Amino acid sequence: MTIQQLKYAVTAAEKGTMSEAAQSLFLSQPSLTAAIKELEKELRITIFHRTNKGVIATNEGEEFLGYARQVLQQVGLIEEKYLDGKQLKQIFSVSAQHYSFAVNAFVDVIQTFGNQSYDFTLRETQTFEIIQDVSRLKSEVGVLYLSRENQAVIQKLIAENGLVFEELFTASPHVFISFKHPLSAKAELTLDDLKPYPYLCFEQGDYNAFYFSEEILSTIPREMTIKVRDRATLFNLAVGLDGYTISTGIISKELNGENIIARPLAIPELIRVGTVTRKI
């Protein structure tokens with residue numbers, strides 16, 4: 001196994017087809033295909049499923065590609081440090097549920113580096129993908145929550161992937177609504193208060209079971225539900241439709257402005273927010 005073969009496999013995964021990968025690597029397609037098949041034979045795994053439309057990584061291939069990316073990143077750091085004569089670039093990636101406080105923390109981390117060279121990534125993504133990203137070394141840290149409803153399944157999945165959960169803080173559920181919402185004058189809200197309004201939540205792709213939900217109390221039946229993929233869209237709908245979502249109550253006015261406010265939800269539940277990392 002060589003560094004070059006790792007680069008070939010990662011490039012094929014990124015491009016999605018052998019022809020595009022070969023073109024970007026300045027190789028012939030047969031040469032690239034042969035190199036990857038030789039790698040698969042050596043490792044005794046199948047990295048890619050071949051289809052008429054291109055290549056798709058297998059489950060064991062995804063795991064291998066996570067390690068391969070880490071190796072290539074380290075090789076890149078060595079080359080920058082000792083071959084290019086450049087300052088060592090810091091690399092760091094975080095995968096998180098859609099929390100504004102996570103963005104604030106990410107900003108604080110970046111600001112500590114000043115004008116240093118770095119390559120950082122913040123992925124606001126789905127719950128299952130957070131665990132996958134950390135497990136497959138795509139991110140060093142994941143940020144998600146546990147509650148009475150989801151903790152048994154999520155903690156089992158975390159352990160099965162060789163990860164650990166470390167609690168950062170505990171919060172009471174709050175409702176995020178527009179500052180001009182009809183309920184905005186109330187100091188505390190109930191579930192009955194919210195019934196006439198659209199419920200906004202984050203779509204979880206193939207893993208839409210309630211324990212992957214980013215919102216506590218996701219099993220409660222609701223007449224009107226809207227699923228979205230990003231935080232900006234959710235907040236826009238909260239303003240435009242008098243919708244609501246349920247979260248920690250922590251919101252950044254610096255990043256999100258004054259349009260969204262938080263009101264306590266009158267329920268005896270807790271949200272445990274924490275980080276997911278690989279076991280040392």
# chains A, B, ... in the order shown; residues from 1 in each chain; ligands from 1
call {"tool": "select_by_dssp", "arguments": {"residues": "range 12-253 of chain A", "states": "helix (DSSP H, G or I)", "output": "PyMOL selection string"}}
result
chain A and resi 12-15+18-25+29-43+59-83+100-111+127-135+151-160+191-194+210-212+231-241+253
call {"tool": "closest_atom_pairs", "arguments": {"of": "range 94-201 of chain A", "to": "range 210-222 of chain A", "cutoff": "7 Å", "atoms": "only C-alpha atoms", "output": "Markdown table"}}
result
| residue | atom | partner | partner_atom | distance |
| --- | --- | --- | --- | --- |
| A:Gln97 | CA | A:Glu214 | CA | 6.9 |
| A:Thr127 | CA | A:Phe212 | CA | 5.7 |
| A:Phe128 | CA | A:Phe212 | CA | 6.8 |
| A:Glu149 | CA | A:Tyr211 | CA | 6.7 |
| A:Asn150 | CA | A:Tyr211 | CA | 4.5 |
| A:Val153 | CA | A:Tyr211 | CA | 6.9 |
| A:Cys201 | CA | A:Glu215 | CA | 6.7 |
call {"tool": "write_last_selection", "arguments": {"atoms": "all heavy atoms", "output": "PDB file, in the first residue's frame"}}
result
ATOM      1  N   GLN A  97     -24.962  19.488  15.386  1.00  0.00           N
ATOM      2  CA  GLN A  97     -26.348  19.824  15.138  1.00  0.00           C
ATOM      3  C   GLN A  97     -26.453  21.334  14.983  1.00  0.00           C
ATOM      4  O   GLN A  97     -25.487  22.048  15.201  1.00  0.00           O
ATOM      5  CB  GLN A  97     -27.227  19.311  16.295  1.00  0.00           C
ATOM      6  CG  GLN A  97     -27.311  17.785  16.322  1.00  0.00           C
ATOM      7  CD  GLN A  97     -28.095  17.241  17.500  1.00  0.00           C
ATOM      8  OE1 GLN A  97     -28.095  17.822  18.584  1.00  0.00           O
ATOM      9  NE2 GLN A  97     -28.744  16.099  17.314  1.00  0.00           N
ATOM     10  N   THR A 127     -27.973  14.192  12.640  1.00  0.00           N
ATOM     11  CA  THR A 127     -27.484  13.512  13.837  1.00  0.00           C
ATOM     12  C   THR A 127     -26.655  12.272  13.515  1.00  0.00           C
ATOM     13  O   THR A 127     -25.550  12.094  14.042  1.00  0.00           O
ATOM     14  CB  THR A 127     -28.674  13.128  14.736  1.00  0.00           C
ATOM     15  OG1 THR A 127     -29.420  14.314  15.049  1.00  0.00           O
ATOM     16  CG2 THR A 127     -28.204  12.472  16.021  1.00  0.00           C
ATOM     17  N   PHE A 128     -27.167  11.403  12.651  1.00  0.00           N
ATOM     18  CA  PHE A 128     -26.448  10.176  12.318  1.00  0.00           C
ATOM     19  C   PHE A 128     -25.123  10.488  11.640  1.00  0.00           C
ATOM     20  O   PHE A 128     -24.111   9.816  11.887  1.00  0.00           O
ATOM     21  CB  PHE A 128     -27.311   9.291  11.413  1.00  0.00           C
ATOM     22  CG  PHE A 128     -26.711   7.929  11.147  1.00  0.00           C
ATOM     23  CD1 PHE A 128     -26.820   6.915  12.078  1.00  0.00           C
ATOM     24  CD2 PHE A 128     -26.020   7.673   9.969  1.00  0.00           C
ATOM     25  CE1 PHE A 128     -26.259   5.660  11.850  1.00  0.00           C
ATOM     26  CE2 PHE A 128     -25.461   6.434   9.726  1.00  0.00           C
ATOM     27  CZ  PHE A 128     -25.581   5.425  10.667  1.00  0.00           C
ATOM     28  N   GLU A 149     -35.664  10.722  25.904  1.00  0.00           N
ATOM     29  CA  GLU A 149     -36.238  10.004  24.776  1.00  0.00           C
ATOM     30  C   GLU A 149     -35.206   9.283  23.926  1.00  0.00           C
ATOM     31  O   GLU A 149     -35.426   8.171  23.465  1.00  0.00           O
ATOM     32  CB  GLU A 149     -37.035  10.973  23.881  1.00  0.00           C
ATOM     33  CG  GLU A 149     -38.322  11.478  24.474  1.00  0.00           C
ATOM     34  CD  GLU A 149     -39.065  12.367  23.502  1.00  0.00           C
ATOM     35  OE1 GLU A 149     -38.399  13.161  22.795  1.00  0.00           O
ATOM     36  OE2 GLU A 149     -40.292  12.260  23.416  1.00  0.00           O
ATOM     37  N   ASN A 150     -34.066   9.932  23.688  1.00  0.00           N
ATOM     38  CA  ASN A 150     -33.145   9.385  22.683  1.00  0.00           C
ATOM     39  C   ASN A 150     -31.876   8.758  23.243  1.00  0.00           C
ATOM     40  O   ASN A 150     -31.111   8.134  22.515  1.00  0.00           O
ATOM     41  CB  ASN A 150     -32.761  10.479  21.674  1.00  0.00           C
ATOM     42  CG  ASN A 150     -31.790  11.504  22.235  1.00  0.00           C
ATOM     43  OD1 ASN A 150     -31.397  11.454  23.395  1.00  0.00           O
ATOM     44  ND2 ASN A 150     -31.396  12.453  21.406  1.00  0.00           N
ATOM     45  N   VAL A 153     -30.714   4.887  22.592  1.00  0.00           N
ATOM     46  CA  VAL A 153     -30.316   4.546  21.217  1.00  0.00           C
ATOM     47  C   VAL A 153     -29.048   5.285  20.804  1.00  0.00           C
ATOM     48  O   VAL A 153     -28.126   4.692  20.241  1.00  0.00           O
ATOM     49  CB  VAL A 153     -31.462   4.867  20.235  1.00  0.00           C
ATOM     50  CG1 VAL A 153     -30.992   4.712  18.792  1.00  0.00           C
ATOM     51  CG2 VAL A 153     -32.645   3.943  20.499  1.00  0.00           C
ATOM     52  N   CYS A 201     -38.742  21.763  12.154  1.00  0.00           N
ATOM     53  CA  CYS A 201     -37.721  20.844  12.640  1.00  0.00           C
ATOM     54  C   CYS A 201     -36.728  20.552  11.515  1.00  0.00           C
ATOM     55  O   CYS A 201     -36.983  20.855  10.351  1.00  0.00           O
ATOM     56  CB  CYS A 201     -38.338  19.543  13.157  1.00  0.00           C
ATOM     57  SG  CYS A 201     -39.306  18.639  11.927  1.00  0.00           S
TER      58      CYS A 201
END
call {"tool": "residues_around", "arguments": {"residues": "Glu129 in chain A", "least_positions_apart": "5", "cutoff": "12 Å", "atoms": "only C-alpha atoms", "output": "PyMOL selection string"}}
result
chain A and resi 94-97+123-124+134-139+142-144+157-158+204-207+212+276
call {"tool": "residues_around", "arguments": {"residues": "Leu183 in chain A", "least_positions_apart": "4", "cutoff": "12 Å", "atoms": "only C-alpha atoms", "output": "PDB file with N, CA and C atoms, in the first residue's frame"}}
result
ATOM      1  N   VAL A 175     -38.600  27.436  23.513  1.00  0.00           N
ATOM      2  CA  VAL A 175     -39.231  27.578  22.202  1.00  0.00           C
ATOM      3  C   VAL A 175     -38.610  28.768  21.485  1.00  0.00           C
ATOM      4  N   PHE A 176     -38.146  28.542  20.251  1.00  0.00           N
ATOM      5  CA  PHE A 176     -37.656  29.635  19.418  1.00  0.00           C
ATOM      6  C   PHE A 176     -38.808  30.124  18.537  1.00  0.00           C
ATOM      7  N   ILE A 177     -39.119  31.422  18.644  1.00  0.00           N
ATOM      8  CA  ILE A 177     -40.177  32.033  17.842  1.00  0.00           C
ATOM      9  C   ILE A 177     -39.718  33.410  17.363  1.00  0.00           C
ATOM     10  N   SER A 178     -40.480  33.986  16.471  1.00  0.00           N
ATOM     11  CA  SER A 178     -40.196  35.340  16.002  1.00  0.00           C
ATOM     12  C   SER A 178     -40.501  36.355  17.101  1.00  0.00           C
ATOM     13  N   PHE A 179     -39.779  37.454  17.092  1.00  0.00           N
ATOM     14  CA  PHE A 179     -40.017  38.512  18.089  1.00  0.00           C
ATOM     15  C   PHE A 179     -41.411  39.111  17.947  1.00  0.00           C
ATOM     16  N   ALA A 187     -44.248  35.023  29.099  1.00  0.00           N
ATOM     17  CA  ALA A 187     -42.955  34.723  29.729  1.00  0.00           C
ATOM     18  C   ALA A 187     -42.628  33.241  29.644  1.00  0.00           C
ATOM     19  N   GLU A 188     -43.647  32.391  29.551  1.00  0.00           N
ATOM     20  CA  GLU A 188     -43.453  30.946  29.468  1.00  0.00           C
ATOM     21  C   GLU A 188     -44.548  30.356  28.595  1.00  0.00           C
ATOM     22  N   LEU A 189     -44.192  29.334  27.805  1.00  0.00           N
ATOM     23  CA  LEU A 189     -45.156  28.745  26.885  1.00  0.00           C
ATOM     24  C   LEU A 189     -45.461  27.302  27.262  1.00  0.00           C
ATOM     25  N   THR A 190     -46.639  26.855  26.860  1.00  0.00           N
ATOM     26  CA  THR A 190     -47.035  25.464  27.053  1.00  0.00           C
ATOM     27  C   THR A 190     -47.228  24.811  25.691  1.00  0.00           C
ATOM     28  N   LEU A 191     -47.310  23.485  25.685  1.00  0.00           N
ATOM     29  CA  LEU A 191     -47.552  22.762  24.438  1.00  0.00           C
ATOM     30  C   LEU A 191     -48.915  23.131  23.854  1.00  0.00           C
ATOM     31  N   ASP A 192     -49.890  23.388  24.708  1.00  0.00           N
ATOM     32  CA  ASP A 192     -51.214  23.810  24.219  1.00  0.00           C
ATOM     33  C   ASP A 192     -51.133  25.171  23.535  1.00  0.00           C
ATOM     34  N   ASP A 193     -50.301  26.077  24.054  1.00  0.00           N
ATOM     35  CA  ASP A 193     -50.114  27.384  23.405  1.00  0.00           C
ATOM     36  C   ASP A 193     -49.653  27.224  21.964  1.00  0.00           C
ATOM     37  N   LEU A 194     -48.816  26.206  21.714  1.00  0.00           N
ATOM     38  CA  LEU A 194     -48.152  26.057  20.417  1.00  0.00           C
ATOM     39  C   LEU A 194     -48.984  25.333  19.365  1.00  0.00           C
ATOM     40  N   LYS A 195     -50.063  24.699  19.769  1.00  0.00           N
ATOM     41  CA  LYS A 195     -50.846  23.864  18.841  1.00  0.00           C
ATOM     42  C   LYS A 195     -51.311  24.572  17.567  1.00  0.00           C
ATOM     43  N   PRO A 196     -51.700  25.849  17.615  1.00  0.00           N
ATOM     44  CA  PRO A 196     -52.201  26.490  16.385  1.00  0.00           C
ATOM     45  C   PRO A 196     -51.110  26.877  15.382  1.00  0.00           C
ATOM     46  N   TYR A 197     -49.828  26.643  15.717  1.00  0.00           N
ATOM     47  CA  TYR A 197     -48.744  27.181  14.888  1.00  0.00           C
ATOM     48  C   TYR A 197     -47.901  26.067  14.269  1.00  0.00           C
ATOM     49  N   ASP A 242     -44.963  32.414  11.487  1.00  0.00           N
ATOM     50  CA  ASP A 242     -45.220  32.278  12.928  1.00  0.00           C
ATOM     51  C   ASP A 242     -44.997  30.836  13.388  1.00  0.00           C
ATOM     52  N   GLY A 243     -43.968  30.205  12.809  1.00  0.00           N
ATOM     53  CA  GLY A 243     -43.624  28.852  13.209  1.00  0.00           C
ATOM     54  C   GLY A 243     -42.784  28.850  14.475  1.00  0.00           C
ATOM     55  N   TYR A 244     -42.498  27.646  14.963  1.00  0.00           N
ATOM     56  CA  TYR A 244     -41.692  27.523  16.174  1.00  0.00           C
ATOM     57  C   TYR A 244     -40.864  26.250  16.110  1.00  0.00           C
ATOM     58  N   ILE A 261     -36.414  34.961  19.192  1.00  0.00           N
ATOM     59  CA  ILE A 261     -36.315  35.019  20.645  1.00  0.00           C
ATOM     60  C   ILE A 261     -36.607  33.630  21.231  1.00  0.00           C
ATOM     61  N   ALA A 262     -36.243  33.429  22.473  1.00  0.00           N
ATOM     62  CA  ALA A 262     -36.454  32.146  23.145  1.00  0.00           C
ATOM     63  C   ALA A 262     -37.368  32.339  24.347  1.00  0.00           C
ATOM     64  N   ARG A 263     -38.320  31.407  24.495  1.00  0.00           N
ATOM     65  CA  ARG A 263     -39.209  31.414  25.650  1.00  0.00           C
ATOM     66  C   ARG A 263     -39.187  30.028  26.302  1.00  0.00           C
ATOM     67  N   PRO A 264     -39.106  29.949  27.643  1.00  0.00           N
ATOM     68  CA  PRO A 264     -39.093  28.647  28.316  1.00  0.00           C
ATOM     69  C   PRO A 264     -40.360  27.843  27.994  1.00  0.00           C
ATOM     70  N   LEU A 265     -40.195  26.534  27.864  1.00  0.00           N
ATOM     71  CA  LEU A 265     -41.320  25.638  27.642  1.00  0.00           C
ATOM     72  C   LEU A 265     -41.636  24.926  28.957  1.00  0.00           C
TER      73      LEU A 265
END
call {"tool": "closest_residue", "arguments": {"among": "A:Val71, A:Ile131, A:Leu255, A:Ile36", "to": "Val107 in chain A", "atoms": "only C-alpha atoms"}}
result
A:Leu255
call {"tool": "atom_distance", "arguments": {"atom1": "CA of Thr248 in chain A", "atom2": "CA of Ala266 in chain A"}}
result
13.2 Å
call {"tool": "residues_around", "arguments": {"residues": "Ser31 in chain A", "least_positions_apart": "5", "cutoff": "12 Å", "atoms": "only C-alpha atoms", "output": "ChimeraX atom specification"}}
result
/A:5,8,18-19,21-23,25-26,36-38
call {"tool": "write_last_selection", "arguments": {"atoms": "N, CA, C and O atoms", "output": "mmCIF file, in the first residue's frame"}}
result
data_model
loop_
_atom_site.group_PDB
_atom_site.id
_atom_site.type_symbol
_atom_site.label_atom_id
_atom_site.label_comp_id
_atom_site.auth_asym_id
_atom_site.auth_seq_id
_atom_site.Cartn_x
_atom_site.Cartn_y
_atom_site.Cartn_z
ATOM 1 N N GLN A 5 -1.605 5.291 -3.776
ATOM 2 C CA GLN A 5 -2.838 4.514 -3.861
ATOM 3 C C GLN A 5 -3.933 5.114 -2.976
ATOM 4 O O GLN A 5 -5.104 5.123 -3.354
ATOM 5 N N TYR A 8 -5.323 7.976 -4.822
ATOM 6 C CA TYR A 8 -6.189 7.515 -5.911
ATOM 7 C C TYR A 8 -7.582 7.177 -5.387
ATOM 8 O O TYR A 8 -8.599 7.567 -5.972
ATOM 9 N N MET A 18 -14.595 6.914 -12.073
ATOM 10 C CA MET A 18 -13.190 6.639 -12.345
ATOM 11 C C MET A 18 -12.656 7.564 -13.439
ATOM 12 O O MET A 18 -11.499 7.986 -13.399
ATOM 13 N N SER A 19 -13.502 7.880 -14.411
ATOM 14 C CA SER A 19 -13.043 8.724 -15.524
ATOM 15 C C SER A 19 -12.694 10.130 -15.044
ATOM 16 O O SER A 19 -11.645 10.676 -15.402
ATOM 17 N N ALA A 21 -11.959 11.012 -11.936
ATOM 18 C CA ALA A 21 -10.818 10.908 -11.034
ATOM 19 C C ALA A 21 -9.518 10.762 -11.819
ATOM 20 O O ALA A 21 -8.507 11.404 -11.497
ATOM 21 N N ALA A 22 -9.523 9.917 -12.843
ATOM 22 C CA ALA A 22 -8.331 9.705 -13.670
ATOM 23 C C ALA A 22 -7.910 11.006 -14.352
ATOM 24 O O ALA A 22 -6.720 11.338 -14.420
ATOM 25 N N GLN A 23 -8.898 11.759 -14.828
ATOM 26 C CA GLN A 23 -8.586 13.029 -15.494
ATOM 27 C C GLN A 23 -7.936 14.018 -14.532
ATOM 28 O O GLN A 23 -6.960 14.689 -14.878
ATOM 29 N N LEU A 25 -6.231 13.306 -11.920
ATOM 30 C CA LEU A 25 -4.929 12.777 -11.489
ATOM 31 C C LEU A 25 -3.933 12.657 -12.640
ATOM 32 O O LEU A 25 -2.803 12.212 -12.437
ATOM 33 N N PHE A 26 -4.383 13.011 -13.851
ATOM 34 C CA PHE A 26 -3.542 12.923 -15.058
ATOM 35 C C PHE A 26 -3.088 11.481 -15.291
ATOM 36 O O PHE A 26 -1.927 11.206 -15.599
ATOM 37 N N ILE A 36 -6.485 0.762 -7.950
ATOM 38 C CA ILE A 36 -7.451 0.621 -6.859
ATOM 39 C C ILE A 36 -7.814 -0.845 -6.645
ATOM 40 O O ILE A 36 -7.954 -1.306 -5.507
ATOM 41 N N LYS A 37 -7.943 -1.589 -7.732
ATOM 42 C CA LYS A 37 -8.214 -3.031 -7.583
ATOM 43 C C LYS A 37 -7.057 -3.735 -6.874
ATOM 44 O O LYS A 37 -7.269 -4.628 -6.052
ATOM 45 N N GLU A 38 -5.829 -3.318 -7.174
ATOM 46 C CA GLU A 38 -4.666 -3.894 -6.501
ATOM 47 C C GLU A 38 -4.693 -3.572 -5.001
ATOM 48 O O GLU A 38 -4.355 -4.412 -4.162
#
call {"tool": "closest_residue", "arguments": {"among": "A:Ile91, A:Ile45, A:Ala152, A:Ala232", "to": "Tyr118 in chain A", "atoms": "only C-alpha atoms"}}
result
A:Ile91
call {"tool": "residues_around", "arguments": {"residues": "Leu6 in chain A", "least_positions_apart": "3", "cutoff": "9 Å", "atoms": "only C-alpha atoms", "output": "ChimeraX atom specification"}}
result
/A:1-3,9-11,36,39,65,68-69,71-72
call {"tool": "write_last_selection", "arguments": {"atoms": "N, CA, C and O atoms", "output": "compact mmCIF listing (two decimals), in the first residue's frame"}}
result
# COMPACT_ATOMS: atom_id res chain seq x y z
N MET A 1 0.84 -1.20 0.00
CA MET A 1 0.00 0.00 0.00
C MET A 1 0.88 1.25 0.00
O MET A 1 1.82 1.34 0.79
N THR A 2 0.56 2.19 -0.86
CA THR A 2 1.36 3.40 -0.98
C THR A 2 0.50 4.64 -0.75
O THR A 2 -0.73 4.58 -0.83
N ILE A 3 1.17 5.76 -0.49
CA ILE A 3 0.48 7.04 -0.36
C ILE A 3 -0.26 7.36 -1.65
O ILE A 3 -1.38 7.88 -1.63
N ALA A 9 -7.65 6.43 -4.27
CA ALA A 9 -8.93 5.99 -3.73
C ALA A 9 -9.75 7.18 -3.24
O ALA A 9 -10.96 7.27 -3.51
N VAL A 10 -9.12 8.11 -2.54
CA VAL A 10 -9.83 9.27 -2.02
C VAL A 10 -10.34 10.14 -3.18
O VAL A 10 -11.47 10.64 -3.15
N THR A 11 -9.54 10.32 -4.20
CA THR A 11 -9.95 11.12 -5.35
C THR A 11 -11.12 10.47 -6.08
O THR A 11 -12.07 11.15 -6.49
N ILE A 36 -6.48 0.76 -7.95
CA ILE A 36 -7.45 0.62 -6.86
C ILE A 36 -7.81 -0.84 -6.65
O ILE A 36 -7.95 -1.31 -5.51
N LEU A 39 -5.12 -2.33 -4.68
CA LEU A 39 -5.23 -1.93 -3.28
C LEU A 39 -6.30 -2.76 -2.57
O LEU A 39 -6.09 -3.22 -1.44
N LEU A 65 -11.65 4.93 3.77
CA LEU A 65 -11.42 6.26 3.22
C LEU A 65 -11.24 7.30 4.33
O LEU A 65 -10.48 8.26 4.17
N ALA A 68 -7.74 6.91 5.31
CA ALA A 68 -6.89 7.36 4.20
C ALA A 68 -6.80 8.89 4.17
O ALA A 68 -5.73 9.46 3.95
N ARG A 69 -7.94 9.56 4.39
CA ARG A 69 -7.93 11.03 4.40
C ARG A 69 -7.05 11.57 5.52
O ARG A 69 -6.34 12.56 5.34
N VAL A 71 -4.43 10.09 6.83
CA VAL A 71 -3.03 9.88 6.44
C VAL A 71 -2.60 10.94 5.44
O VAL A 71 -1.50 11.53 5.57
N LEU A 72 -3.44 11.22 4.46
CA LEU A 72 -3.08 12.21 3.43
C LEU A 72 -2.97 13.61 4.03
O LEU A 72 -2.13 14.41 3.60
call {"tool": "select_by_dssp", "arguments": {"residues": "range 27-274 of chain A", "states": "strand (DSSP E)", "output": "PyMOL selection string"}}
result
chain A and resi 48-51+54-57+90-96+118-124+141-146+163-171+174-178+199-202+225-228+245-247+260-264+271-274
call {"tool": "write_last_selection", "arguments": {"atoms": "C-alpha atoms", "output": "PDB file, in the first residue's frame"}}
result
ATOM      1  CA  PHE A  48     -16.146   0.693  -4.107  1.00  0.00           C
ATOM      2  CA  HIS A  49     -19.288  -0.681  -5.668  1.00  0.00           C
ATOM      3  CA  ARG A  50     -19.042  -0.148  -9.427  1.00  0.00           C
ATOM      4  CA  THR A  51     -22.242   1.021 -11.170  1.00  0.00           C
ATOM      5  CA  GLY A  54     -19.864   5.651 -11.295  1.00  0.00           C
ATOM      6  CA  VAL A  55     -18.484   4.344  -8.006  1.00  0.00           C
ATOM      7  CA  ILE A  56     -20.059   4.288  -4.527  1.00  0.00           C
ATOM      8  CA  ALA A  57     -18.049   3.533  -1.400  1.00  0.00           C
ATOM      9  CA  GLN A  90      -3.573  23.730  11.460  1.00  0.00           C
ATOM     10  CA  ILE A  91      -6.395  21.386  10.379  1.00  0.00           C
ATOM     11  CA  PHE A  92      -9.555  20.934  12.440  1.00  0.00           C
ATOM     12  CA  SER A  93     -13.119  19.815  11.674  1.00  0.00           C
ATOM     13  CA  VAL A  94     -16.326  19.856  13.722  1.00  0.00           C
ATOM     14  CA  SER A  95     -19.684  18.249  12.886  1.00  0.00           C
ATOM     15  CA  ALA A  96     -22.620  19.612  14.878  1.00  0.00           C
ATOM     16  CA  TYR A 118      -5.249  26.981   9.075  1.00  0.00           C
ATOM     17  CA  ASP A 119      -7.872  24.887   7.303  1.00  0.00           C
ATOM     18  CA  PHE A 120     -10.972  24.513   9.509  1.00  0.00           C
ATOM     19  CA  THR A 121     -14.372  22.968   8.736  1.00  0.00           C
ATOM     20  CA  LEU A 122     -17.715  23.360  10.522  1.00  0.00           C
ATOM     21  CA  ARG A 123     -20.453  21.020   9.297  1.00  0.00           C
ATOM     22  CA  GLU A 124     -23.982  21.651  10.553  1.00  0.00           C
ATOM     23  CA  VAL A 141     -15.372  16.518  17.341  1.00  0.00           C
ATOM     24  CA  GLY A 142     -19.141  16.133  17.108  1.00  0.00           C
ATOM     25  CA  VAL A 143     -21.739  18.209  18.986  1.00  0.00           C
ATOM     26  CA  LEU A 144     -25.200  16.791  19.748  1.00  0.00           C
ATOM     27  CA  TYR A 145     -27.695  16.369  22.574  1.00  0.00           C
ATOM     28  CA  LEU A 146     -29.120  13.553  24.660  1.00  0.00           C
ATOM     29  CA  LEU A 163     -16.797   7.021  20.536  1.00  0.00           C
ATOM     30  CA  VAL A 164     -17.492   8.712  23.869  1.00  0.00           C
ATOM     31  CA  PHE A 165     -19.991  11.406  24.868  1.00  0.00           C
ATOM     32  CA  GLU A 166     -18.864  14.158  27.244  1.00  0.00           C
ATOM     33  CA  GLU A 167     -21.526  16.492  28.606  1.00  0.00           C
ATOM     34  CA  LEU A 168     -20.898  20.228  28.200  1.00  0.00           C
ATOM     35  CA  PHE A 169     -24.042  21.592  29.849  1.00  0.00           C
ATOM     36  CA  THR A 170     -27.667  20.826  30.668  1.00  0.00           C
ATOM     37  CA  ALA A 171     -30.484  23.078  29.460  1.00  0.00           C
ATOM     38  CA  HIS A 174     -37.068  26.546  25.130  1.00  0.00           C
ATOM     39  CA  VAL A 175     -39.231  27.578  22.202  1.00  0.00           C
ATOM     40  CA  PHE A 176     -37.656  29.635  19.418  1.00  0.00           C
ATOM     41  CA  ILE A 177     -40.177  32.033  17.842  1.00  0.00           C
ATOM     42  CA  SER A 178     -40.196  35.340  16.002  1.00  0.00           C
ATOM     43  CA  TYR A 199     -43.806  23.127  14.005  1.00  0.00           C
ATOM     44  CA  LEU A 200     -40.362  23.558  12.419  1.00  0.00           C
ATOM     45  CA  CYS A 201     -37.721  20.844  12.640  1.00  0.00           C
ATOM     46  CA  PHE A 202     -34.552  19.657  10.919  1.00  0.00           C
ATOM     47  CA  THR A 225     -44.945  20.217  10.499  1.00  0.00           C
ATOM     48  CA  ILE A 226     -42.275  21.672   8.218  1.00  0.00           C
ATOM     49  CA  LYS A 227     -38.885  19.986   7.825  1.00  0.00           C
ATOM     50  CA  VAL A 228     -35.830  21.969   6.672  1.00  0.00           C
ATOM     51  CA  THR A 245     -39.029  25.007  17.088  1.00  0.00           C
ATOM     52  CA  ILE A 246     -37.795  23.608  20.399  1.00  0.00           C
ATOM     53  CA  SER A 247     -34.139  23.786  21.421  1.00  0.00           C
ATOM     54  CA  ILE A 260     -35.621  35.206  16.924  1.00  0.00           C
ATOM     55  CA  ILE A 261     -36.315  35.019  20.645  1.00  0.00           C
ATOM     56  CA  ALA A 262     -36.454  32.146  23.145  1.00  0.00           C
ATOM     57  CA  ARG A 263     -39.209  31.414  25.650  1.00  0.00           C
ATOM     58  CA  PRO A 264     -39.093  28.647  28.316  1.00  0.00           C
ATOM     59  CA  ILE A 271     -31.447  18.578  27.259  1.00  0.00           C
ATOM     60  CA  ARG A 272     -27.879  17.324  27.775  1.00  0.00           C
ATOM     61  CA  VAL A 273     -25.600  18.908  25.181  1.00  0.00           C
ATOM     62  CA  GLY A 274     -22.130  17.468  24.739  1.00  0.00           C
TER      63      GLY A 274
END
call {"tool": "atom_distance", "arguments": {"atom1": "CA of Phe101 in chain A", "atom2": "CA of Ser252 in chain A"}}
result
6.7 Å
call {"tool": "decode", "arguments": {"residues": "range 213-240 of chain A", "atoms": "C-alpha atoms", "output": "mmCIF file, in the first residue's frame"}}
result
data_model
loop_
_atom_site.group_PDB
_atom_site.id
_atom_site.type_symbol
_atom_site.label_atom_id
_atom_site.label_comp_id
_atom_site.auth_asym_id
_atom_site.auth_seq_id
_atom_site.Cartn_x
_atom_site.Cartn_y
_atom_site.Cartn_z
ATOM 1 C CA SER A 213 -34.406 14.253 15.848
ATOM 2 C CA GLU A 214 -32.613 17.469 16.807
ATOM 3 C CA GLU A 215 -35.708 18.648 18.659
ATOM 4 C CA ILE A 216 -36.854 17.283 22.000
ATOM 5 C CA LEU A 217 -40.473 15.987 22.169
ATOM 6 C CA SER A 218 -40.418 15.002 18.501
ATOM 7 C CA THR A 219 -42.897 12.149 19.113
ATOM 8 C CA ILE A 220 -45.789 14.505 19.964
ATOM 9 C CA PRO A 221 -48.416 14.503 17.147
ATOM 10 C CA ARG A 222 -48.677 17.876 15.398
ATOM 11 C CA GLU A 223 -51.143 19.131 12.804
ATOM 12 C CA MET A 224 -48.604 21.242 10.906
ATOM 13 C CA THR A 225 -44.945 20.217 10.499
ATOM 14 C CA ILE A 226 -42.275 21.672 8.218
ATOM 15 C CA LYS A 227 -38.885 19.986 7.825
ATOM 16 C CA VAL A 228 -35.830 21.969 6.672
ATOM 17 C CA ARG A 229 -32.102 21.327 6.179
ATOM 18 C CA ASP A 230 -30.471 24.549 7.435
ATOM 19 C CA ARG A 231 -30.824 26.949 10.340
ATOM 20 C CA ALA A 232 -31.282 30.105 8.248
ATOM 21 C CA THR A 233 -34.305 28.616 6.458
ATOM 22 C CA LEU A 234 -35.831 27.500 9.760
ATOM 23 C CA PHE A 235 -35.481 30.979 11.247
ATOM 24 C CA ASN A 236 -36.915 32.586 8.095
ATOM 25 C CA LEU A 237 -39.973 30.329 8.334
ATOM 26 C CA ALA A 238 -40.315 31.120 12.028
ATOM 27 C CA VAL A 239 -40.582 34.798 11.075
ATOM 28 C CA GLY A 240 -42.672 34.377 7.925
#
